[in-house]
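Coordinates as given in final16.txt (compact mmCIF, N, CA and C atoms):
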# COMPACT_ATOMS: atom_id res chain seq x y z
N MET A 1 131.24 84.10 73.01
CA MET A 1 130.70 84.45 74.30
C MET A 1 130.56 83.19 75.15
N ASN A 2 131.13 83.20 76.34
CA ASN A 2 130.88 82.07 77.22
C ASN A 2 129.68 82.39 78.10
N GLY A 3 129.21 81.44 78.90
CA GLY A 3 128.01 81.62 79.72
C GLY A 3 128.10 82.78 80.69
N HIS A 4 129.31 83.17 81.06
CA HIS A 4 129.47 84.27 82.03
C HIS A 4 129.32 85.64 81.38
N ASP A 5 129.45 85.71 80.07
CA ASP A 5 129.33 86.98 79.36
C ASP A 5 127.93 87.23 78.83
N ASP A 6 127.08 86.24 78.88
CA ASP A 6 125.75 86.33 78.30
C ASP A 6 124.80 87.02 79.28
N PRO A 7 124.25 88.19 78.93
CA PRO A 7 123.33 88.88 79.84
C PRO A 7 122.12 88.05 80.23
N ALA A 8 121.73 87.10 79.40
CA ALA A 8 120.58 86.25 79.72
C ALA A 8 120.83 85.42 80.98
N THR A 9 122.10 85.20 81.30
CA THR A 9 122.45 84.45 82.51
C THR A 9 121.88 85.12 83.75
N LEU A 10 121.74 86.45 83.72
CA LEU A 10 121.19 87.17 84.87
C LEU A 10 119.80 86.69 85.24
N PHE A 11 119.07 86.18 84.28
CA PHE A 11 117.68 85.80 84.50
C PHE A 11 117.50 84.30 84.72
N THR A 12 118.59 83.60 84.93
CA THR A 12 118.49 82.16 85.21
C THR A 12 118.53 81.93 86.71
N PRO A 13 117.82 80.91 87.19
CA PRO A 13 117.81 80.62 88.62
C PRO A 13 119.19 80.21 89.13
N MET A 14 119.37 80.37 90.41
CA MET A 14 120.61 79.92 91.05
C MET A 14 120.35 79.64 92.52
N ALA A 15 121.25 78.92 93.13
CA ALA A 15 121.16 78.63 94.56
C ALA A 15 122.42 79.14 95.25
N ILE A 16 122.24 79.68 96.43
CA ILE A 16 123.34 80.07 97.31
C ILE A 16 123.10 79.29 98.58
N GLY A 17 123.83 78.22 98.76
CA GLY A 17 123.56 77.34 99.89
C GLY A 17 122.15 76.79 99.77
N ALA A 18 121.35 76.93 100.82
CA ALA A 18 119.97 76.44 100.82
C ALA A 18 118.99 77.45 100.23
N LEU A 19 119.47 78.62 99.86
CA LEU A 19 118.61 79.69 99.35
C LEU A 19 118.49 79.58 97.82
N SER A 20 117.28 79.37 97.33
CA SER A 20 117.03 79.30 95.89
C SER A 20 116.53 80.64 95.41
N LEU A 21 117.17 81.17 94.37
CA LEU A 21 116.80 82.47 93.82
C LEU A 21 116.23 82.29 92.41
N ALA A 22 115.23 83.08 92.08
CA ALA A 22 114.59 83.00 90.77
C ALA A 22 115.50 83.52 89.66
N ASN A 23 116.43 84.39 89.99
CA ASN A 23 117.38 84.94 89.02
C ASN A 23 118.63 85.36 89.78
N ARG A 24 119.53 86.03 89.11
CA ARG A 24 120.82 86.38 89.71
C ARG A 24 120.95 87.87 90.02
N ILE A 25 119.83 88.57 90.00
CA ILE A 25 119.84 90.00 90.29
C ILE A 25 119.37 90.20 91.72
N VAL A 26 120.20 90.85 92.51
CA VAL A 26 119.93 91.02 93.94
C VAL A 26 119.95 92.51 94.27
N VAL A 27 118.97 92.95 95.01
CA VAL A 27 118.93 94.34 95.46
C VAL A 27 120.02 94.52 96.53
N ALA A 28 120.81 95.55 96.40
CA ALA A 28 121.89 95.80 97.36
C ALA A 28 121.31 96.12 98.74
N PRO A 29 122.07 95.83 99.81
CA PRO A 29 121.61 96.18 101.16
C PRO A 29 121.38 97.68 101.27
N MET A 30 120.31 98.03 101.96
CA MET A 30 119.96 99.44 102.11
C MET A 30 119.63 99.72 103.57
N THR A 31 120.04 100.85 104.06
CA THR A 31 119.63 101.28 105.38
C THR A 31 118.34 102.07 105.22
N ARG A 32 117.28 101.60 105.81
CA ARG A 32 115.99 102.28 105.77
C ARG A 32 115.85 103.12 107.03
N THR A 33 115.23 104.25 106.91
CA THR A 33 114.94 105.07 108.08
C THR A 33 113.44 105.24 108.20
N SER A 34 112.71 104.17 107.95
CA SER A 34 111.25 104.18 108.00
C SER A 34 110.71 103.45 109.22
N ALA A 35 111.57 103.04 110.11
CA ALA A 35 111.14 102.32 111.31
C ALA A 35 110.62 103.31 112.35
N THR A 36 109.98 102.78 113.37
CA THR A 36 109.51 103.62 114.47
C THR A 36 110.71 104.11 115.28
N PRO A 37 110.52 105.09 116.17
CA PRO A 37 111.64 105.53 117.01
C PRO A 37 112.24 104.40 117.86
N ASP A 38 111.44 103.35 118.13
CA ASP A 38 111.94 102.20 118.89
C ASP A 38 112.62 101.17 118.01
N GLY A 39 112.77 101.48 116.71
CA GLY A 39 113.45 100.56 115.80
C GLY A 39 112.59 99.42 115.29
N LEU A 40 111.26 99.58 115.34
CA LEU A 40 110.36 98.53 114.85
C LEU A 40 110.12 98.70 113.35
N ALA A 41 110.24 97.61 112.60
CA ALA A 41 109.91 97.64 111.18
C ALA A 41 108.42 97.97 111.04
N THR A 42 108.06 98.66 109.95
CA THR A 42 106.69 99.14 109.76
C THR A 42 106.05 98.50 108.52
N LEU A 43 104.74 98.68 108.39
CA LEU A 43 104.04 98.20 107.20
C LEU A 43 104.52 98.93 105.95
N ARG A 44 104.93 100.17 106.10
CA ARG A 44 105.51 100.92 104.98
C ARG A 44 106.75 100.20 104.46
N MET A 45 107.55 99.66 105.37
CA MET A 45 108.74 98.91 104.97
C MET A 45 108.36 97.61 104.28
N ALA A 46 107.31 96.94 104.78
CA ALA A 46 106.84 95.70 104.15
C ALA A 46 106.45 95.99 102.71
N ASP A 47 105.73 97.07 102.49
CA ASP A 47 105.32 97.45 101.13
C ASP A 47 106.54 97.77 100.26
N TYR A 48 107.50 98.46 100.83
CA TYR A 48 108.70 98.87 100.10
C TYR A 48 109.48 97.65 99.59
N TYR A 49 109.78 96.71 100.49
CA TYR A 49 110.55 95.53 100.09
C TYR A 49 109.73 94.61 99.20
N ALA A 50 108.42 94.49 99.42
CA ALA A 50 107.57 93.66 98.58
C ALA A 50 107.52 94.21 97.16
N GLU A 51 107.59 95.53 97.02
CA GLU A 51 107.58 96.14 95.68
C GLU A 51 108.81 95.68 94.89
N PHE A 52 109.97 95.63 95.53
CA PHE A 52 111.15 95.10 94.85
C PHE A 52 110.92 93.64 94.48
N ALA A 53 110.36 92.88 95.39
CA ALA A 53 110.13 91.45 95.16
C ALA A 53 109.17 91.24 93.99
N ARG A 54 108.18 92.09 93.83
CA ARG A 54 107.23 91.98 92.73
C ARG A 54 107.79 92.51 91.41
N GLY A 55 108.94 93.16 91.45
CA GLY A 55 109.49 93.82 90.28
C GLY A 55 110.14 92.91 89.26
N GLY A 56 109.93 91.62 89.35
CA GLY A 56 110.48 90.70 88.36
C GLY A 56 111.96 90.52 88.52
N SER A 57 112.76 91.24 87.73
CA SER A 57 114.20 91.01 87.74
C SER A 57 114.85 91.41 89.06
N LEU A 58 114.23 92.25 89.81
CA LEU A 58 114.81 92.65 91.10
C LEU A 58 114.19 91.88 92.27
N SER A 59 113.57 90.75 91.96
CA SER A 59 112.83 90.05 93.00
C SER A 59 113.63 89.03 93.78
N SER A 60 114.89 88.83 93.42
CA SER A 60 115.62 87.74 94.02
C SER A 60 115.80 87.86 95.52
N SER A 61 116.33 88.96 95.98
CA SER A 61 116.66 89.02 97.38
C SER A 61 116.77 90.43 97.90
N PRO A 62 115.65 91.13 98.08
CA PRO A 62 115.79 92.43 98.72
C PRO A 62 116.37 92.24 100.12
N ARG A 63 117.21 93.12 100.53
CA ARG A 63 117.85 92.96 101.83
C ARG A 63 117.50 94.13 102.74
N ALA A 64 117.49 93.85 104.00
CA ALA A 64 117.26 94.88 104.99
C ALA A 64 118.53 95.03 105.81
N ARG A 65 118.97 96.24 105.99
CA ARG A 65 120.16 96.48 106.78
C ARG A 65 119.70 96.94 108.16
N THR A 66 120.14 96.27 109.17
CA THR A 66 119.64 96.54 110.51
C THR A 66 120.73 96.41 111.54
N SER A 67 120.46 96.85 112.74
CA SER A 67 121.45 96.77 113.81
C SER A 67 120.94 95.87 114.92
N THR A 68 121.88 95.31 115.65
CA THR A 68 121.53 94.41 116.74
C THR A 68 121.52 95.12 118.09
N ARG A 69 121.99 96.34 118.14
CA ARG A 69 122.02 97.09 119.40
C ARG A 69 121.55 98.51 119.15
N TRP A 70 120.85 99.07 120.12
CA TRP A 70 120.30 100.42 119.98
C TRP A 70 121.40 101.42 119.62
N ARG A 71 122.50 101.38 120.31
CA ARG A 71 123.56 102.38 120.09
C ARG A 71 124.37 102.10 118.83
N ALA A 72 124.10 101.02 118.14
CA ALA A 72 124.82 100.69 116.91
C ALA A 72 124.18 101.33 115.69
N ARG A 73 123.02 101.96 115.87
CA ARG A 73 122.30 102.54 114.74
C ARG A 73 123.04 103.74 114.17
N ALA A 74 122.95 103.88 112.85
CA ALA A 74 123.55 105.04 112.20
C ALA A 74 122.59 106.22 112.19
N ASN A 75 121.29 105.93 112.15
CA ASN A 75 120.29 106.99 111.99
C ASN A 75 119.05 106.70 112.81
N ARG A 76 118.37 107.75 113.18
CA ARG A 76 117.06 107.62 113.81
C ARG A 76 116.12 106.99 112.78
N GLY A 77 115.25 106.13 113.22
CA GLY A 77 114.31 105.48 112.31
C GLY A 77 114.88 104.26 111.63
N GLN A 78 116.10 103.86 111.98
CA GLN A 78 116.70 102.66 111.41
C GLN A 78 116.14 101.45 112.15
N PRO A 79 115.73 100.41 111.44
CA PRO A 79 115.16 99.25 112.11
C PRO A 79 116.21 98.44 112.86
N GLY A 80 115.76 97.75 113.88
CA GLY A 80 116.65 96.89 114.65
C GLY A 80 116.14 95.46 114.70
N ILE A 81 116.94 94.62 115.32
CA ILE A 81 116.55 93.24 115.58
C ILE A 81 117.20 92.81 116.90
N ALA A 82 117.22 93.76 117.85
CA ALA A 82 117.91 93.55 119.11
C ALA A 82 117.03 92.97 120.21
N ASN A 83 115.72 92.92 119.99
CA ASN A 83 114.84 92.40 121.05
C ASN A 83 113.63 91.71 120.40
N ALA A 84 112.80 91.12 121.22
CA ALA A 84 111.66 90.34 120.72
C ALA A 84 110.68 91.21 119.92
N ALA A 85 110.41 92.43 120.38
CA ALA A 85 109.47 93.30 119.68
C ALA A 85 109.98 93.66 118.28
N GLN A 86 111.27 93.95 118.17
CA GLN A 86 111.85 94.27 116.87
C GLN A 86 111.83 93.05 115.95
N THR A 87 112.14 91.89 116.48
CA THR A 87 112.11 90.66 115.69
C THR A 87 110.70 90.39 115.18
N GLU A 88 109.72 90.52 116.02
CA GLU A 88 108.31 90.30 115.65
C GLU A 88 107.87 91.30 114.58
N ALA A 89 108.34 92.53 114.68
CA ALA A 89 107.93 93.57 113.73
C ALA A 89 108.41 93.30 112.31
N TRP A 90 109.45 92.48 112.14
CA TRP A 90 109.94 92.14 110.81
C TRP A 90 109.04 91.13 110.10
N LYS A 91 108.19 90.40 110.82
CA LYS A 91 107.41 89.32 110.21
C LYS A 91 106.53 89.78 109.05
N PRO A 92 105.80 90.90 109.13
CA PRO A 92 105.02 91.33 107.95
C PRO A 92 105.88 91.61 106.72
N THR A 93 107.09 92.12 106.92
CA THR A 93 107.98 92.39 105.79
C THR A 93 108.44 91.08 105.17
N VAL A 94 108.89 90.16 106.00
CA VAL A 94 109.35 88.86 105.50
C VAL A 94 108.20 88.14 104.80
N ASP A 95 107.03 88.15 105.41
CA ASP A 95 105.86 87.48 104.80
C ASP A 95 105.50 88.11 103.46
N ALA A 96 105.54 89.44 103.35
CA ALA A 96 105.20 90.13 102.11
C ALA A 96 106.18 89.79 100.99
N VAL A 97 107.46 89.74 101.32
CA VAL A 97 108.48 89.41 100.32
C VAL A 97 108.31 87.95 99.88
N HIS A 98 108.10 87.06 100.85
CA HIS A 98 107.89 85.65 100.50
C HIS A 98 106.63 85.48 99.66
N ALA A 99 105.56 86.19 99.99
CA ALA A 99 104.31 86.10 99.23
C ALA A 99 104.50 86.56 97.79
N ALA A 100 105.45 87.45 97.55
CA ALA A 100 105.75 87.92 96.21
C ALA A 100 106.71 86.98 95.47
N GLY A 101 107.10 85.90 96.14
CA GLY A 101 107.94 84.89 95.50
C GLY A 101 109.43 85.12 95.59
N ALA A 102 109.87 85.96 96.50
CA ALA A 102 111.29 86.26 96.62
C ALA A 102 111.82 85.86 97.99
N ALA A 103 113.11 85.97 98.12
CA ALA A 103 113.79 85.72 99.39
C ALA A 103 114.22 87.07 99.96
N ILE A 104 114.46 87.09 101.25
CA ILE A 104 114.98 88.29 101.89
C ILE A 104 116.08 87.86 102.84
N VAL A 105 117.16 88.62 102.86
CA VAL A 105 118.32 88.29 103.68
C VAL A 105 118.59 89.47 104.59
N LEU A 106 118.77 89.22 105.86
CA LEU A 106 119.05 90.27 106.82
C LEU A 106 120.55 90.50 106.91
N GLN A 107 120.97 91.73 106.76
CA GLN A 107 122.37 92.08 106.92
C GLN A 107 122.52 92.83 108.24
N LEU A 108 123.35 92.31 109.11
CA LEU A 108 123.61 92.98 110.38
C LEU A 108 124.69 94.03 110.16
N MET A 109 124.57 95.13 110.85
CA MET A 109 125.57 96.19 110.71
C MET A 109 125.75 96.91 112.02
N HIS A 110 126.85 97.60 112.14
CA HIS A 110 127.12 98.49 113.27
C HIS A 110 127.71 99.75 112.68
N ALA A 111 127.21 100.88 113.08
CA ALA A 111 127.66 102.15 112.50
C ALA A 111 129.00 102.62 113.05
N GLY A 112 129.56 101.90 113.99
CA GLY A 112 130.85 102.29 114.54
C GLY A 112 130.79 103.68 115.15
N PRO A 113 131.82 104.50 114.94
CA PRO A 113 131.82 105.83 115.55
C PRO A 113 130.75 106.76 114.98
N LEU A 114 130.08 106.34 113.91
CA LEU A 114 129.03 107.17 113.33
C LEU A 114 127.65 106.79 113.86
N SER A 115 127.62 105.96 114.89
CA SER A 115 126.33 105.53 115.42
C SER A 115 125.58 106.68 116.06
N SER A 116 124.28 106.48 116.19
CA SER A 116 123.39 107.51 116.73
C SER A 116 123.77 107.85 118.16
N THR A 117 123.84 109.13 118.46
CA THR A 117 124.18 109.55 119.82
C THR A 117 123.00 110.19 120.53
N ARG A 118 121.86 110.20 119.90
CA ARG A 118 120.65 110.68 120.57
C ARG A 118 120.12 109.54 121.42
N PRO A 119 119.09 109.77 122.23
CA PRO A 119 118.69 108.77 123.22
C PRO A 119 118.87 107.37 122.72
N PRO A 120 119.38 106.51 123.56
CA PRO A 120 119.55 106.61 125.00
C PRO A 120 120.94 106.96 125.48
N GLY A 121 121.86 107.46 124.66
CA GLY A 121 123.16 107.87 125.17
C GLY A 121 124.22 107.81 124.09
N PRO A 122 125.46 108.07 124.47
CA PRO A 122 126.54 108.12 123.48
C PRO A 122 126.86 106.74 122.92
N SER A 123 127.42 106.75 121.70
CA SER A 123 127.85 105.49 121.12
C SER A 123 129.06 104.98 121.89
N ARG A 124 129.27 103.69 121.79
CA ARG A 124 130.41 103.07 122.46
C ARG A 124 131.16 102.21 121.46
N GLY A 125 132.45 102.11 121.66
CA GLY A 125 133.28 101.28 120.81
C GLY A 125 134.55 100.91 121.53
N PRO A 126 135.45 100.20 120.85
CA PRO A 126 136.69 99.79 121.51
C PRO A 126 137.60 100.96 121.84
N VAL A 127 137.48 102.05 121.07
CA VAL A 127 138.27 103.25 121.32
C VAL A 127 137.37 104.48 121.13
N ALA A 128 137.73 105.57 121.77
CA ALA A 128 136.99 106.81 121.57
C ALA A 128 137.45 107.43 120.25
N VAL A 129 136.48 107.78 119.39
CA VAL A 129 136.79 108.33 118.08
C VAL A 129 135.93 109.56 117.85
N GLN A 130 136.54 110.62 117.29
CA GLN A 130 135.80 111.81 116.91
C GLN A 130 135.65 111.79 115.39
N PRO A 131 134.49 111.40 114.86
CA PRO A 131 134.31 111.38 113.41
C PRO A 131 134.31 112.78 112.82
N ALA A 132 134.78 112.89 111.61
CA ALA A 132 134.77 114.17 110.89
C ALA A 132 133.38 114.43 110.33
N GLY A 133 133.11 115.66 110.02
CA GLY A 133 131.87 116.01 109.35
C GLY A 133 130.70 116.18 110.28
N SER A 134 129.51 116.19 109.67
CA SER A 134 128.29 116.37 110.45
C SER A 134 127.29 115.28 110.10
N GLN A 135 126.29 115.15 110.94
CA GLN A 135 125.24 114.15 110.74
C GLN A 135 123.95 114.88 110.42
N LEU A 136 123.28 114.45 109.35
CA LEU A 136 122.01 115.05 108.97
C LEU A 136 120.90 114.45 109.83
N THR A 137 120.15 115.29 110.49
CA THR A 137 119.04 114.86 111.32
C THR A 137 117.76 115.53 110.84
N ILE A 138 116.65 115.17 111.42
CA ILE A 138 115.38 115.79 111.07
C ILE A 138 115.44 117.29 111.33
N GLN A 139 116.19 117.70 112.35
CA GLN A 139 116.34 119.11 112.69
C GLN A 139 117.41 119.81 111.87
N GLY A 140 118.11 119.10 111.01
CA GLY A 140 119.20 119.67 110.22
C GLY A 140 120.52 119.04 110.59
N ALA A 141 121.61 119.57 110.03
CA ALA A 141 122.94 119.03 110.28
C ALA A 141 123.40 119.38 111.70
N ARG A 142 124.11 118.46 112.31
CA ARG A 142 124.70 118.71 113.63
C ARG A 142 126.07 118.05 113.68
N ALA A 143 126.93 118.57 114.54
CA ALA A 143 128.26 118.00 114.69
C ALA A 143 128.15 116.58 115.23
N ARG A 144 128.99 115.71 114.75
CA ARG A 144 129.01 114.34 115.26
C ARG A 144 129.68 114.33 116.62
N SER A 145 129.18 113.48 117.50
CA SER A 145 129.77 113.34 118.84
C SER A 145 130.80 112.25 118.85
N ALA A 146 131.77 112.39 119.68
CA ALA A 146 132.78 111.34 119.85
C ALA A 146 132.16 110.15 120.55
N SER A 147 132.61 108.95 120.14
CA SER A 147 132.16 107.75 120.83
C SER A 147 132.96 107.61 122.12
N ARG A 148 132.42 106.82 123.04
CA ARG A 148 133.14 106.54 124.29
C ARG A 148 133.71 105.16 124.22
N ALA A 149 134.91 104.99 124.76
CA ALA A 149 135.52 103.67 124.81
C ALA A 149 134.77 102.79 125.81
N SER A 150 134.53 101.56 125.42
CA SER A 150 133.81 100.62 126.29
C SER A 150 134.74 100.07 127.36

Here is a file; write its structure as structure tokens.
Amino acid sequence: MNGHDDPATLFTPMAIGALSLANRIVVAPMTRTSATPDGLATLRMADYYAEFARGGSLSSSPRARTSTRWRARANRGQPGIANAAQTEAWKPTVDAVHAAGAAIVLQLMHAGPLSSTRPPGPSRGPVAVQPAGSQLTIQGARARSASRAS
């Protein structure tokens, strides 16, 4: 067995650039729908990510998946980081994860043609696309709307 085959390697520290991790187990990026309608991260989210951080082997780097633009969201309740209020709302989550001894990495995303088409308007992209299928909402499934070309 070389060092790469040994499961104990998962529990050894490592660095990725300037980021030091307590082990090599990282929570995969997740889209949360626990934010406010304005895309503000909540205390519920801080507790959620801190729980992963306190979980020992899963404490390395819980990630938050977020969007930089309102119309880029895939779902209602998805957190954003497009303005000062949204940025400020992430601080309790980041602080809770750091207090638990872990790191947190923000993953930016754009839902493309599957972005939210409820307020404040239709999604936009480089081309107009009609996605297949339906979107699950609080009110139930609904047909997806075509995006508008920018």

(request) Find the residues near Thr36 of chain A: any atom within 7 Å, counting all atoms listed in the file, skip ones fewer than 2 places away on the same chain, and give them as a ChimeraX atom specification. (result) /A:33-34,38-42,76-79

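Across the structure, atom C of Ser147 of chain A and atom CA of Asn83 of chain A are spaced 23.7 Å apart.
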
If the box runs along x, y and z of the file and leaves 3 Å on each side of segment 73-82 of chain A, what are its centre and edge lengths in Å, one decimal, as lines of an AutoDock Vina configuration file?
center_x = 118.9
center_y = 100.3
center_z = 115.8
size_x = 15.2
size_y = 20.9
size_z = 14.8

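Here atom CA of Pro92 of chain A and atom CA of Asp47 of chain A stand 9.2 Å from one another.
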
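Across the structure, atom C of Phe11 of chain A and atom CA of Ala102 of chain A are spaced 13.6 Å apart.
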
(message) Under the rule that only C-alpha atoms are counted, which of A:Val127, A:Ala146, A:Met45, A:Met30 is the nearest residue to Leu106 of chain A?
(response) A:Met30

(request) Would you list the contacts of Val97 of chain A as a list in words, taking every protein, DNA or RNA residue within 8 Å and counting all atoms listed in the file, but skipping same-chain residues closer than 3 positions in sequence? (result) Ala46, Asp47, Tyr49, Ala50, Glu51, Phe52, Ala53, Arg54, Pro62, Lys91, Pro92, Thr93, Val94, Ala100, Gly101, Ala102, Ala103 and Ile104 of chain A

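Close contacts of Ala143 of chain A, defined as residues with an atom at most 8 Å away when counting only C-alpha atoms, with chain neighbours fewer than 4 positions off set aside, comprise A:Gly133, A:Ser134, A:Gln135.
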
(message) Using all atoms listed in the file, list the residues that have an atom at most 5 Å from (136.6, 106.5, 126.0), coordinates as in the file, as a ChimeraX atom specification.
(response) /A:128,148-149

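Minimum atom-to-atom distances from A:Ala96, A:Ile25, A:Ala111, A:Ala85 to Leu10 of chain A were compared using only N, CA and C atoms, and the lowest value belongs to A:Ile25.
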